[in-house]
$ cat input.txt   # compact mmCIF, C-alpha atoms
# COMPACT_ATOMS: atom_id res chain seq x y z
CA MET G 1 35.37 73.99 48.01
CA ARG G 2 38.97 74.47 49.11
CA ASP G 3 41.74 74.66 46.52
CA ILE G 4 43.75 71.39 46.56
CA SER G 5 45.99 72.12 43.57
CA GLY G 6 48.89 73.09 45.83
CA SER G 7 48.54 69.90 47.85
CA LEU G 8 48.51 67.78 44.67
CA ALA G 9 51.65 69.50 43.39
CA ARG G 10 53.47 68.84 46.67
CA GLN G 11 52.42 65.20 46.65
CA ALA G 12 53.60 64.79 43.04
CA CYS G 13 57.01 66.23 43.99
CA ALA G 14 57.24 63.87 46.95
CA VAL G 15 56.39 60.82 44.79
CA ALA G 16 58.92 61.86 42.15
CA ALA G 17 61.60 62.36 44.80
CA VAL G 18 61.01 58.88 46.29
CA CYS G 19 61.14 57.25 42.84
CA LEU G 20 64.33 59.14 41.95
CA ILE G 21 66.13 58.22 45.17
CA CYS G 22 65.07 54.57 45.07
CA ASP G 23 65.87 53.98 41.40
CA ALA G 24 69.16 55.90 41.47
CA GLY G 25 70.20 54.17 44.67
CA LEU G 26 69.33 50.73 43.30
CA PHE G 27 71.25 51.44 40.09
CA LEU G 28 74.33 52.60 42.00
CA ILE G 29 74.27 49.66 44.40
CA ALA G 30 73.27 46.73 42.19
CA GLY G 31 73.84 48.10 38.67
CA PRO G 32 76.92 48.37 36.52
CA SER G 33 79.88 50.37 37.76
CA LEU G 34 80.10 53.91 36.56
CA SER G 35 83.65 53.12 35.50
CA LEU G 36 82.11 51.17 32.64
CA GLY G 37 82.11 54.45 30.72
CA TRP G 38 79.85 57.22 29.57
CA GLN G 39 77.07 54.75 28.79
CA ALA G 40 76.45 54.05 32.51
CA TRP G 41 76.37 57.77 33.21
CA VAL G 42 73.83 58.36 30.42
CA VAL G 43 71.52 55.64 31.79
CA LEU G 44 71.80 56.94 35.36
CA ILE G 45 71.19 60.58 34.41
CA GLY G 46 68.37 59.57 32.07
CA GLY G 47 66.66 57.69 34.89
CA ILE G 48 67.05 60.67 37.21
CA LEU G 49 65.54 63.05 34.65
CA ALA G 50 62.69 60.67 33.80
CA ASN G 51 61.80 60.27 37.47
CA ALA G 52 62.09 64.01 38.11
CA ALA G 53 59.61 64.58 35.28
CA LEU G 54 56.99 62.71 37.35
CA ALA G 55 56.61 65.93 39.38
CA GLY G 56 55.48 67.84 36.28
CA PRO G 57 51.92 68.75 35.28
CA SER G 58 49.53 65.89 34.55
CA ARG G 59 49.02 67.03 30.94
CA TYR G 60 52.58 65.86 30.22
CA SER G 61 51.99 62.35 31.59
CA GLY G 62 52.02 60.86 28.08
CA TRP G 63 55.41 62.32 27.26
CA VAL G 64 56.80 61.23 30.62
CA SER G 65 55.63 57.65 30.11
CA ALA G 66 57.08 57.71 26.59
CA ALA G 67 60.39 58.88 28.05
CA HIS G 68 60.39 55.98 30.48
CA GLY G 69 59.61 53.58 27.62
CA ALA G 70 62.43 55.01 25.53
CA LEU G 71 64.85 54.68 28.44
CA LEU G 72 63.81 51.05 28.91
CA VAL G 73 64.83 50.39 25.28
CA ALA G 74 68.01 52.49 25.34
CA ALA G 75 69.43 51.22 28.63
CA PRO G 76 70.14 47.60 27.61
CA LEU G 77 71.56 48.75 24.27
CA LEU G 78 73.92 51.22 25.94
CA LEU G 79 75.00 48.82 28.70
CA TYR G 80 75.56 45.79 26.45
CA PRO G 81 77.37 43.43 27.09
CA PHE G 82 77.02 44.00 30.87
CA ASP G 83 75.98 40.55 32.06
CA HIS G 84 73.84 41.66 35.02
CA TYR G 85 71.72 44.39 33.43
CA LEU G 86 69.45 46.39 35.76
CA GLN G 87 66.87 48.82 34.32
CA ALA G 88 67.28 52.43 35.39
CA THR G 89 63.61 53.08 36.31
CA ASN G 90 61.94 50.41 38.42
CA ALA G 91 59.66 52.45 40.65
CA GLY G 92 59.39 55.33 38.18
CA VAL G 93 57.93 53.18 35.40
CA LEU G 94 55.12 52.06 37.71
CA ILE G 95 54.18 55.64 38.60
CA ALA G 96 54.47 56.77 34.98
CA GLY G 97 52.04 54.05 33.91
CA TYR G 98 49.61 54.96 36.66
CA ARG G 99 49.69 58.67 35.78
CA ALA G 100 49.14 57.93 32.08
CA GLY G 101 46.10 55.83 32.88
CA ALA G 102 44.69 58.21 35.47
CA TRP G 103 45.20 61.62 33.87
CA LEU G 104 45.08 61.17 30.09
CA ALA G 105 42.14 60.81 27.72
CA THR G 106 41.54 57.42 26.16
CA LYS G 107 43.62 57.76 22.95
CA PRO G 108 46.69 59.42 24.55
CA ALA G 109 46.48 56.96 27.42
CA LEU G 110 46.49 53.98 25.02
CA ALA G 111 49.43 55.47 23.10
CA ALA G 112 51.37 55.92 26.35
CA LEU G 113 50.55 52.35 27.36
CA ALA G 114 51.79 51.04 24.02
CA ALA G 115 55.08 52.94 24.38
CA MET G 116 55.66 51.59 27.88
CA LEU G 117 54.77 48.00 26.95
CA ALA G 118 57.15 48.15 24.00
CA GLY G 119 59.90 49.43 26.26
CA LEU G 120 59.26 46.71 28.83
CA PHE G 121 59.36 43.96 26.21
CA ALA G 122 62.59 45.38 24.85
CA CYS G 123 64.34 45.72 28.19
CA ILE G 124 63.45 42.12 29.02
CA LEU G 125 64.35 40.54 25.68
CA ILE G 126 67.39 42.53 24.54
CA PRO G 127 69.90 41.56 27.29
CA VAL G 128 71.84 38.38 26.44
CA ASP G 129 71.14 36.78 29.79
CA ARG G 130 67.39 37.28 29.41
CA GLY G 131 66.80 36.34 25.79
CA ASP G 132 65.96 32.73 26.64
CA ARG G 133 63.46 33.51 29.36
CA ASP G 134 60.10 31.73 29.46
CA TRP G 135 57.66 33.85 27.40
CA ARG G 136 55.01 33.40 30.10
CA LEU G 137 57.26 35.02 32.67
CA VAL G 138 57.94 37.83 30.21
CA LEU G 139 54.20 38.49 29.86
CA ILE G 140 53.77 38.44 33.63
CA ASP G 141 56.61 40.94 34.09
CA VAL G 142 55.18 43.23 31.44
CA GLY G 143 51.69 42.95 32.93
CA VAL G 144 52.87 43.73 36.46
CA SER G 145 55.21 46.60 35.53
CA GLY G 146 53.24 48.21 32.70
CA LEU G 147 49.63 47.09 32.28
CA LEU G 148 48.57 46.84 35.93
CA PRO G 149 49.56 50.39 37.01
CA TRP G 150 47.87 51.79 33.89
CA MET G 151 44.65 49.86 34.64
CA VAL G 152 44.66 51.03 38.27
CA GLY G 153 44.97 54.61 37.02
CA ARG G 154 42.00 54.16 34.66
CA TYR G 155 39.94 52.60 37.43
CA THR G 156 40.76 55.46 39.81
CA THR G 157 39.69 58.02 37.22
CA ALA G 158 36.45 56.17 36.45
CA ARG G 159 35.62 55.84 40.13
CA ARG G 160 36.35 59.53 40.73
CA ALA G 161 34.08 60.48 37.81
CA TYR G 162 31.35 58.17 39.11
CA ILE G 163 31.50 59.73 42.57
CA ALA G 164 31.43 63.22 41.03
CA ASP G 165 28.31 62.25 39.04
CA LEU G 166 26.65 60.98 42.21
CA GLN G 167 27.50 64.20 44.02
CA ARG G 168 26.14 66.33 41.16
CA ALA G 169 22.95 64.26 41.08
CA GLU G 170 22.54 64.67 44.84
CA GLU G 171 23.13 68.42 44.64
CA GLN G 172 20.57 68.72 41.85
CA ARG G 173 18.08 66.67 43.86
CA GLN G 174 18.57 68.91 46.88
CA GLN G 175 18.19 72.02 44.73
CA HIS G 176 14.98 70.68 43.21
CA GLU G 177 13.61 69.80 46.64
CA ALA G 178 14.54 73.23 48.01
CA GLU G 179 12.91 74.89 45.00
CA ALA G 180 9.77 72.79 45.48
CA VAL G 181 9.62 73.76 49.15
CA ARG G 182 10.17 77.41 48.26
CA ARG G 183 7.33 77.31 45.74
CA ALA G 184 5.04 75.55 48.20
CA VAL G 185 5.82 78.13 50.90
CA ALA G 186 5.26 80.99 48.45
CA GLU G 187 1.92 79.53 47.37
CA GLU G 188 0.87 79.01 50.98
CA ARG G 189 1.89 82.55 51.90
CA THR G 190 -0.09 83.88 48.95
CA THR G 191 -3.13 81.86 50.03
CA ILE G 192 -2.85 83.15 53.60
CA ALA G 193 -2.46 86.73 52.36
CA ARG G 194 -5.50 86.39 50.13
CA ASP G 195 -7.60 84.93 52.97
CA LEU G 196 -6.47 87.67 55.35
CA HIS G 197 -7.39 90.31 52.83
CA ASP G 198 -10.78 88.79 52.07
CA VAL G 199 -11.77 88.03 55.67
CA ILE G 200 -10.27 90.91 57.67
CA SER G 201 -9.57 93.93 55.53
CA HIS G 202 -13.18 94.32 54.36
CA HIS G 203 -14.55 94.29 57.91
CA VAL G 204 -11.84 96.56 59.33
CA SER G 205 -12.38 99.05 56.52
CA ALA G 206 -16.12 98.93 57.11
CA ILE G 207 -15.58 99.64 60.81
CA GLY G 208 -13.55 102.73 59.98
CA VAL G 209 -16.07 103.99 57.41
CA HIS G 210 -19.07 103.50 59.70
CA ALA G 211 -17.27 105.06 62.65
CA GLY G 212 -16.45 108.11 60.54
CA ALA G 213 -20.03 108.38 59.30
CA ALA G 214 -21.38 108.08 62.83
CA ARG G 215 -18.98 110.76 64.09
CA LEU G 216 -20.00 113.18 61.34
CA GLY G 217 -23.68 112.54 62.07
CA LEU G 218 -23.44 113.25 65.79
CA PRO G 219 -24.95 116.47 67.07
CA GLU G 220 -22.81 119.03 68.88
CA GLY G 221 -22.30 118.59 72.61
CA VAL G 222 -21.28 114.93 72.82
CA PRO G 223 -17.49 115.12 72.92
CA ALA G 224 -17.07 111.75 74.61
CA ALA G 225 -18.86 109.94 71.80
CA ARG G 226 -16.93 111.89 69.17
CA ARG G 227 -13.68 111.02 70.89
CA SER G 228 -14.59 107.34 71.04
CA LEU G 229 -15.55 107.25 67.37
CA SER G 230 -12.34 109.06 66.43
CA ALA G 231 -10.43 106.41 68.37
CA VAL G 232 -12.26 103.71 66.43
CA GLU G 233 -11.31 105.40 63.15
CA SER G 234 -7.67 105.76 64.19
CA SER G 235 -7.48 102.17 65.39
CA SER G 236 -9.02 100.86 62.18
CA ARG G 237 -6.55 102.86 60.08
CA ALA G 238 -3.63 101.58 62.18
CA ALA G 239 -4.94 98.03 61.89
CA MET G 240 -5.19 98.38 58.11
CA ALA G 241 -1.64 99.74 57.92
CA ASP G 242 -0.33 96.78 59.93
CA LEU G 243 -2.40 94.41 57.83
CA ARG G 244 -0.94 95.84 54.63
CA ARG G 245 2.57 95.37 55.98
CA LEU G 246 1.81 91.75 56.82
CA LEU G 247 0.22 91.14 53.44
CA ASP G 248 3.23 92.66 51.68
CA LEU G 249 5.50 90.43 53.72
CA LEU G 250 3.43 87.33 52.91
CA HIS G 251 3.39 88.23 49.24
CA GLY G 252 7.22 88.41 49.38
CA LYS G 253 7.54 91.89 47.92
CA GLU G 254 11.11 93.08 47.49
CA ASN G 255 10.35 96.67 48.41
CA GLY G 256 12.08 97.36 51.72
CA ASP G 257 9.37 99.77 52.92
CA ALA G 258 6.70 97.23 52.12
CA GLN G 259 8.44 94.52 54.12
CA ARG G 260 9.31 96.68 57.09
CA GLN G 261 7.40 95.77 60.23
CA PRO G 262 6.73 98.42 62.88
CA GLY G 263 9.32 98.76 65.62
CA LEU G 264 10.20 101.05 68.51
CA ASP G 265 10.43 103.96 66.06
CA ASN G 266 6.64 103.65 65.70
CA LEU G 267 6.01 103.73 69.44
CA ASP G 268 5.06 107.42 69.43
CA GLU G 269 2.45 106.75 66.75
CA LEU G 270 1.03 103.94 68.88
CA LEU G 271 0.83 106.23 71.91
CA ASP G 272 -0.89 108.95 69.85
CA ASN G 273 -3.60 106.49 68.91
CA LEU G 274 -3.94 105.54 72.56
CA ARG G 275 -4.30 109.17 73.63
CA THR G 276 -6.86 109.73 70.87
CA ALA G 277 -8.86 106.88 72.40
CA GLY G 278 -8.91 108.80 75.70
CA LEU G 279 -6.16 107.03 77.64
CA PRO G 280 -3.24 109.26 78.71
CA ALA G 281 0.21 107.74 78.27
CA ARG G 282 3.73 108.85 79.14
CA LEU G 283 6.94 107.46 77.63
CA THR G 284 10.23 107.64 79.49
CA SER G 285 13.46 106.51 77.85
CA HIS G 286 16.79 105.81 79.58
CA GLY G 287 20.13 105.45 77.84
CA GLY G 288 20.99 106.21 74.25
CA PRO G 289 19.03 104.38 71.55
CA ARG G 290 20.89 101.46 70.00
CA GLU G 291 20.69 99.47 66.81
CA LEU G 292 18.52 96.48 67.63
CA PRO G 293 18.09 93.19 65.79
CA GLY G 294 15.03 93.51 63.57
CA SER G 295 13.22 90.61 65.23
CA VAL G 296 13.71 92.07 68.72
CA ASP G 297 12.61 95.52 67.54
CA VAL G 298 9.36 94.11 66.13
CA ALA G 299 8.79 91.94 69.20
CA LEU G 300 9.11 94.95 71.55
CA TYR G 301 6.61 96.93 69.47
CA ARG G 302 4.10 94.07 69.44
CA ILE G 303 4.49 93.52 73.18
CA ALA G 304 3.90 97.23 73.82
CA GLN G 305 0.88 97.13 71.51
CA GLU G 306 -0.64 94.16 73.37
CA ALA G 307 0.03 95.62 76.82
CA LEU G 308 -1.43 99.04 75.89
CA THR G 309 -4.49 97.38 74.39
CA ASN G 310 -5.03 95.51 77.66
CA ALA G 311 -4.63 98.77 79.60
CA LEU G 312 -7.21 100.42 77.37
CA ARG G 313 -9.69 97.58 77.79
CA HIS G 314 -9.26 96.70 81.44
CA GLY G 315 -7.53 99.67 83.08
CA SER G 316 -9.13 102.41 85.11
CA GLY G 317 -8.34 105.11 82.60
CA GLY G 318 -5.39 106.55 84.52
CA THR G 319 -2.06 107.43 82.98
CA VAL G 320 -0.11 104.53 81.48
CA GLU G 321 3.60 104.69 82.20
CA ILE G 322 5.94 103.28 79.55
CA ASP G 323 9.57 102.94 80.61
CA LEU G 324 12.17 101.99 77.99
CA ALA G 325 15.72 101.39 79.23
CA TYR G 326 18.71 100.80 76.94
CA ARG G 327 21.36 99.08 79.03
CA GLN G 328 24.81 97.80 78.15
CA THR G 329 23.80 94.16 77.72
CA GLU G 330 19.99 94.29 77.57
CA ILE G 331 16.95 96.37 76.72
CA VAL G 332 14.05 96.52 79.19
CA LEU G 333 10.48 97.65 78.47
CA ALA G 334 8.05 98.16 81.35
CA ILE G 335 4.39 99.23 80.98
CA THR G 336 2.41 100.08 84.11
CA ASN G 337 -1.26 101.04 84.36
CA GLU G 338 -3.85 101.39 87.10
CA ILE G 339 -6.14 98.43 87.54
CA GLY G 340 -9.13 100.46 88.69
CA ARG G 341 -12.12 98.71 90.20
CA PRO G 342 -11.41 95.36 91.90
CA ASN G 343 -13.54 93.42 89.43
CA ARG G 344 -11.31 94.68 86.69
CA GLY G 345 -8.17 93.38 88.31
CA SER G 346 -8.53 89.87 86.90
CA PRO G 347 -7.72 89.77 83.20
CA ALA G 348 -10.35 88.61 80.78
CA GLU G 349 -9.83 85.49 78.71
CA SER G 350 -8.58 87.52 75.74
CA THR G 351 -6.11 89.30 78.01
CA LYS G 352 -4.80 85.98 79.30
CA ARG G 353 -4.18 84.90 75.73
CA GLY G 354 -2.41 88.22 75.10
CA LEU G 355 -0.14 87.73 78.12
CA ALA G 356 0.63 84.19 77.00
CA GLY G 357 1.57 85.59 73.59
CA ILE G 358 3.88 88.13 75.23
CA ARG G 359 5.65 85.40 77.17
CA GLN G 360 6.05 83.31 74.02
CA ARG G 361 7.55 86.22 72.09
CA VAL G 362 10.00 86.96 74.87
CA ALA G 363 11.03 83.31 75.27
CA LEU G 364 11.57 83.02 71.52
CA PHE G 365 14.49 85.49 71.71
CA GLY G 366 15.90 84.37 75.04
CA GLY G 367 14.38 87.21 77.12
CA GLN G 368 12.48 87.36 80.40
CA ALA G 369 8.94 88.53 81.09
CA GLU G 370 7.12 89.54 84.28
CA CYS G 371 3.35 90.12 84.01
CA GLY G 372 1.05 90.70 86.96
CA PRO G 373 -0.30 93.10 89.59
CA LEU G 374 2.08 95.07 91.78
CA ASP G 375 2.19 94.80 95.58
CA ASP G 376 0.01 97.88 96.05
CA GLY G 377 -2.91 96.06 94.42
CA ARG G 378 -3.72 99.10 92.26
CA HIS G 379 -1.34 98.74 89.37
CA TRP G 380 -0.61 96.13 86.72
CA ARG G 381 2.81 95.86 85.12
CA VAL G 382 4.21 94.13 82.07
CA ARG G 383 7.99 94.09 82.16
CA VAL G 384 10.15 92.38 79.50
CA GLY G 385 13.88 92.28 78.91
CA PHE G 386 15.91 91.10 75.93
CA PRO G 387 19.66 90.38 76.08
CA LEU G 388 21.88 92.38 73.72
CA GLU G 389 25.52 92.17 72.77
CA ALA G 390 27.66 94.58 74.73
CA GLU G 391 28.81 97.63 72.75

$ encode --input "input.txt" --output "structure tokens"
Amino acid sequence: MRDISGSLARQACAVAAVCLICDAGLFLIAGPSLSLGWQAWVVLIGGILANAALAGPSRYSGWVSAAHGALLVAAPLLLYPFDHYLQATNAGVLIAGYRAGAWLATKPALAALAAMLAGLFACILIPVDRGDRDWRLVLIDVGVSGLLPWMVGRYTTARRAYIADLQRAEEQRQQHEAEAVRRAVAEERTTIARDLHDVISHHVSAIGVHAGAARLGLPEGVPAARRSLSAVESSSRAAMADLRRLLDLLHGKENGDAQRQPGLDNLDELLDNLRTAGLPARLTSHGGPRELPGSVDVALYRIAQEALTNALRHGSGGTVEIDLAYRQTEIVLAITNEIGRPNRGSPAESTKRGLAGIRQRVALFGGQAECGPLDDGRHWRVRVGFPLEAE
């Protein structure tokens, strides 16, 4: 919330200045002549000082209103027997009453009100030409000049407090709702993590264990089978590592390593697993590596993982070319593999889902994706690009 104390101080000074000018001007124009003597000067200067005090801090509002009340009593006594008495603070007494009602606690505010009402009664009744006024008109004058501004100040304060209570209640309600949503999300994430662990991790671990046992039990002379089983072991270990990262993320662990998802820094590890499975791969990088947004870094890794998995399943077994280009305003990843036999050129249903997932990831971050066979009919390419801020 912005600091408004300076604005309030400036407004208080402006109000005090207007009251001072108006009351002093009215006294000089319609009041007694200053040639009357030092009494007229005392009343004029007293009114100026009382109005100037309206610019002071709000904690002094009681003293300021008391000063106005005292001046209301002193002025007719000092100016007697001037036949056409005019009080020295007309506008100022209204503002003083309002400030006392708005800024003071109940007891000081009532004391300030009593002082001002007493002063108003005195200034109306003391002058000779006003002593025979109708008492009903006296009450109306006192109510308009003293009681009404004070009541408006109290009302303003009460309304401001009521609005502040409503705002606090609304903020608390929003905080409670946000906390409830956070708890619900945390519980749901925990449930998902538990289900993933129960349903997937057991089977993936079993795959790795059985593949290792089968590899150790193979006789010598079957390198292709050993290589395939080693690839199964490596893939199962990689899958378990990724699963643990996801489970840590779902559990909301604060450990940075636990929350870290794989990115382009893990691309070499992914290619090693691919080579272990019997598929040669070559990575070419252009331009200097840059700091990437975490979401884009993870998306590029997952896209590469999906494209390389498709090449392993449906490719001919030839070398997979991975081209990574860091450009000034974008990063481009292209993965090209040989299709092989014609019947392998059409992606399987799982591959179609994988390509749809790639396009969704790319669209999520405002990138572009091109997936399909090349013009030579022998190669398949997945090419994605993400926009980056220029360095």

$ atom_distance --input "input.txt" --atom1 "atom CA of Arg381 of chain G" --atom2 "atom CA of Asn310 of chain G"
10.8 Å

$ atom_distance --input "input.txt" --atom1 "atom CA of Lys107 of chain G" --atom2 "atom CA of Trp150 of chain G"
13.2 Å

$ axis_aligned_box --input "input.txt" --around "segment 273-288 of chain G" --padding-each-side "5 Å" --output "JSON"
{"center_x": 6.0, "center_y": 107.6, "center_z": 74.2, "size_x": 39.9, "size_y": 14.3, "size_z": 20.7}

$ residues_around --input "input.txt" --residues "Thr284 of chain G" --least-positions-apart "5" --cutoff "9 Å" --atoms "only C-alpha atoms" --output "NGL selection string"
:G and (321-325)

$ residues_around --input "input.txt" --residues "Leu271 of chain G" --least-positions-apart "4" --cutoff "9 Å" --atoms "all atoms listed in the file" --output "PyMOL selection string"
chain G and resi 266-267+275-276+280-283+308

$ residues_around --input "input.txt" --residues "Ala161 of chain G" --least-positions-apart "6" --cutoff "12 Å" --atoms "all atoms listed in the file" --output "list in words"
Ala102, Trp103, Arg154, Tyr155, Gln167 and Arg168 of chain G

$ residues_around --input "input.txt" --residues "Asp141 of chain G" --least-positions-apart "6" --cutoff "10 Å" --atoms "all atoms listed in the file" --output "list in words"
Leu120, Phe121, Ile124, Trp135 and Leu147 of chain G

$ residues_around --input "input.txt" --residues "Cys371 of chain G" --least-positions-apart "3" --cutoff "12 Å" --atoms "only C-alpha atoms" --output "ChimeraX atom specification"
/G:303,307,310,333-337,347,351-352,354-359,362,368,374,379-385

$ closest_residue --input "input.txt" --among "G:Glu171, G:Glu338, G:Asp242, G:Glu177" --to "His314 of chain G" --atoms "all atoms listed in the file"
G:Glu338

$ atom_distance --input "input.txt" --atom1 "atom CA of Leu79 of chain G" --atom2 "atom CA of Trp41 of chain G"
10.1 Å
